[in-house]
Amino acid sequence: MLVAPSSLMSPTPDVAPFLASAVLPLRATSAVPEGLLDHLVRVPDPRDPRGVRYRLATLLAIGVCAMSAAGHNSLAAMAEWGRRCGQEELRRLGCPFDPFTGRHRVPDERTLRDAYGKVDPGELAAAGFAGLAALTRPEPARLTPDGVPEREQRRAHRTATASPLPKPRRTAVAVDGKCLRGAKRPDGSQIFILSALRHSDAVTLAAREIGAKTNEIPEFAPQLDQVDDADPAGAVVTVDALHAQRAHATYLVNQRGAHYLLTVKNNQPTPARQLQRLPWKDVPVLDRSTSRGHGREEVREVQVASVDGLLFPHAKQVVRIRRRRRRLGTRKWTSETLFAVTDLAAHQASAQEIATWARGHWTIENSVHWIRDVTFGEDASQVRTRNTPTVMAVLRDIVRGTLRLAGYDNTASVRRAHTAPAQALRLQGIP
């Protein structure tokens, strides 16, 4: 019979603190502001407790922290990031301590894949997005030779090249869907995610996967039900033409106490015909703005008219937005005309505010979807195991929201800067 050495039967003084920390809660004191781990511990763990070595919150935190650094967009890259962490970083992440080796264990790719495939994306989204506002602030901004912070200099440049829009009196929430092009279900169907995002900072408030045998329309109300009542109440919800549904308008006004700005196209033929036949030639242009960027110039003209009797619930004003674009260096202009409807009366929403909301919904494509596709490589990801594609999408939004709330404008640049694991942990508020 083999007898274990006494050094293994009774931990040495150097090992005992690590063993004690392995069973302590993720946060030792409530005096410290809540960070990422404090919110991730609220995600239910669906795994069989037998044989579990890593807490679910630890595995999710590794994914978020790894994605904070450029080049770590896949499960394999996340596992590599964990292996490059020092013992102090692994301890802060809550990785278990192995008394036989005297080191903290590091999860491999298979462990991450198995856990992410079982996590409920809705629970993860609720916990992760709830913690975005409590994250740490960045280090002081670097100054230019003139003593101006670099971020303010960039913002001043954008302001000089675009017509400023007034700040609306109401907050706005955009609801928009996105396809995960590289991810497919076993039956070959593609995965779509419906998200609710704030216009002001492009932070995601809720995310919901669209089922294989349904579409975005029946998921609209359940999606907004995940958002805190304080966000949609009194706010303006902007959507594209797909969600210009009478049921959605009734739900927003009657059940959520919110307002809407809905783009109307031929999917709603009766309201579309009514809007097109209005005497727009007699309606003055109330807002005109010009902007330059991405090698093109765009001129926007907004006309607003009050209505009564429009065949759409609670409709008070209709909007016609005309966009004219041309490539810089050319004289050829292309034009596009859009119609929208809102339940806000003229004294509740001016033409300038409506123009800001309409433009804010359009910029979601650039400030959110483009970043997820290009910077995080979402469309190139071919992860397909169970819930993993949606879980990975939620983790990307948590990282993107973290950087936005921390004051960083260039997501790609700041990801390249956060190469050290300690920087990612500090960014996510992991003490």
# chains A, B, ... in the order shown; residues from 1 in each chain; ligands from 1

call {"tool": "residues_around", "arguments": {"residues": "stretch 371-387 of chain A", "least_positions_apart": "2", "cutoff": "6 Å", "atoms": "only C-alpha atoms", "output": "PyMOL selection string"}}
result
chain A and resi 73+117+180-184+368-369+389-390+412

call {"tool": "write_last_selection", "arguments": {"atoms": "N, CA, C and O atoms", "output": "compact mmCIF listing (two decimals), in the first residue's frame"}}
result
# COMPACT_ATOMS: atom_id res chain seq x y z
N ASN A 73 -10.26 35.72 -31.42
CA ASN A 73 -11.67 35.67 -31.80
C ASN A 73 -12.24 34.26 -31.77
O ASN A 73 -13.45 34.10 -31.92
N GLY A 117 -21.32 25.65 -25.14
CA GLY A 117 -22.41 25.00 -25.86
C GLY A 117 -23.64 24.75 -25.01
O GLY A 117 -24.73 24.56 -25.54
N LEU A 180 -25.48 35.50 -38.36
CA LEU A 180 -24.14 34.94 -38.15
C LEU A 180 -23.84 34.05 -39.35
O LEU A 180 -24.16 32.86 -39.35
N ARG A 181 -23.23 34.62 -40.36
CA ARG A 181 -23.13 33.96 -41.66
C ARG A 181 -22.29 32.68 -41.63
O ARG A 181 -22.54 31.75 -42.38
N GLY A 182 -21.29 32.64 -40.77
CA GLY A 182 -20.44 31.46 -40.76
C GLY A 182 -20.98 30.32 -39.93
O GLY A 182 -20.49 29.20 -40.02
N ALA A 183 -21.98 30.59 -39.09
CA ALA A 183 -22.53 29.57 -38.20
C ALA A 183 -23.84 29.03 -38.75
O ALA A 183 -24.71 29.80 -39.15
N LYS A 184 -23.97 27.72 -38.77
CA LYS A 184 -25.20 27.08 -39.24
C LYS A 184 -25.60 25.97 -38.29
O LYS A 184 -24.77 25.33 -37.64
N VAL A 368 -21.88 48.99 -34.90
CA VAL A 368 -22.06 47.70 -34.22
C VAL A 368 -21.79 46.54 -35.18
O VAL A 368 -20.84 45.76 -34.98
N HIS A 369 -22.59 46.39 -36.20
CA HIS A 369 -22.48 45.22 -37.07
C HIS A 369 -21.14 45.16 -37.79
O HIS A 369 -20.53 44.09 -37.92
N PRO A 389 -22.43 29.47 -30.96
CA PRO A 389 -22.42 30.67 -31.80
C PRO A 389 -23.07 31.88 -31.15
O PRO A 389 -22.53 33.00 -31.21
N THR A 390 -24.22 31.69 -30.50
CA THR A 390 -24.91 32.81 -29.86
C THR A 390 -24.16 33.28 -28.63
O THR A 390 -24.07 34.49 -28.36
N ALA A 412 -10.61 48.43 -32.79
CA ALA A 412 -9.47 47.65 -33.27
C ALA A 412 -8.17 48.12 -32.64
O ALA A 412 -7.32 47.30 -32.24

call {"tool": "residues_around", "arguments": {"residues": "A:Arg92", "least_positions_apart": "4", "cutoff": "7 Å", "atoms": "only C-alpha atoms", "output": "PyMOL selection string"}}
result
chain A and resi 88+430-431

call {"tool": "write_last_selection", "arguments": {"atoms": "C-alpha atoms", "output": "mmCIF file, in the first residue's frame"}}
result
data_model
loop_
_atom_site.group_PDB
_atom_site.id
_atom_site.type_symbol
_atom_site.label_atom_id
_atom_site.label_comp_id
_atom_site.auth_asym_id
_atom_site.auth_seq_id
_atom_site.Cartn_x
_atom_site.Cartn_y
_atom_site.Cartn_z
ATOM 1 C CA GLU A 88 -1.544 35.946 -10.561
ATOM 2 C CA ILE A 430 -11.404 41.939 -12.003
ATOM 3 C CA PRO A 431 -9.418 42.786 -8.834
#

call {"tool": "select_by_dssp", "arguments": {"residues": "stretch 282-322 of chain A", "states": "strand (DSSP E)", "output": "short mmCIF file (atom, residue, chain, number, x, y, z; two decimals) with C-alpha atoms, in the first residue's frame"}}
result
data_model
loop_
_atom_site.label_atom_id
_atom_site.label_comp_id
_atom_site.auth_asym_id
_atom_site.auth_seq_id
_atom_site.Cartn_x
_atom_site.Cartn_y
_atom_site.Cartn_z
CA ASP A 287 -34.01 69.88 -41.50
CA ARG A 288 -31.10 69.70 -43.93
CA SER A 289 -27.67 68.28 -43.06
CA THR A 290 -24.50 67.45 -44.95
CA SER A 291 -21.71 65.04 -44.02
CA ARG A 292 -18.55 63.74 -45.58
CA GLY A 293 -16.81 60.49 -44.80
CA ARG A 296 -18.47 60.19 -50.15
CA GLU A 297 -20.67 63.19 -49.47
CA GLU A 298 -24.27 62.86 -48.31
CA VAL A 299 -27.05 65.44 -48.12
CA ARG A 300 -30.16 64.63 -46.07
CA GLU A 301 -33.45 66.51 -46.21
CA VAL A 302 -36.24 65.83 -43.72
CA GLN A 303 -39.89 66.76 -44.16
CA VAL A 304 -42.38 66.20 -41.35
CA ALA A 305 -46.16 66.45 -41.45
CA SER A 306 -48.77 65.92 -38.75
CA GLN A 317 -46.43 62.43 -37.52
CA VAL A 318 -45.11 61.09 -40.80
CA VAL A 319 -41.59 61.67 -42.06
CA ARG A 320 -40.04 61.78 -45.50
CA ILE A 321 -36.25 61.54 -45.61
CA ARG A 322 -34.45 62.12 -48.87
#

call {"tool": "residues_around", "arguments": {"residues": "stretch 339-350 of chain A", "least_positions_apart": "2", "cutoff": "10 Å", "atoms": "only C-alpha atoms", "output": "VMD selection string"}}
result
chain A and resid 168 to 170 236 to 241 244 249 253 258 to 265 271 to 272 275 to 276 286 to 287 302 to 307 310 312 to 322 337 352 to 356 358

call {"tool": "residues_around", "arguments": {"residues": "A:Ser68", "least_positions_apart": "5", "cutoff": "8 Å", "atoms": "only C-alpha atoms", "output": "MDAnalysis selection string"}}
result
chainID A and resid 399 415 418 424

call {"tool": "closest_residue", "arguments": {"among": "A:Leu75, A:Val285, A:Phe97, A:Met392", "to": "A:Arg110", "atoms": "only C-alpha atoms"}}
result
A:Leu75

call {"tool": "closest_residue", "arguments": {"among": "A:Leu405, A:Ala206, A:Gln226, A:Ala221", "to": "A:Tyr251", "atoms": "only C-alpha atoms"}}
result
A:Ala221

call {"tool": "atom_distance", "arguments": {"atom1": "atom CA of A:Arg185", "atom2": "atom CA of A:His39"}}
result
29.2 Å

call {"tool": "closest_residue", "arguments": {"among": "A:Ile210, A:Val52, A:Ala406, A:Val391", "to": "A:Leu427", "atoms": "only C-alpha atoms"}}
result
A:Ala406

call {"tool": "closest_residue", "arguments": {"among": "A:Thr334, A:Gln87, A:Thr419, A:Thr402", "to": "A:Asp201", "atoms": "only C-alpha atoms"}}
result
A:Thr402
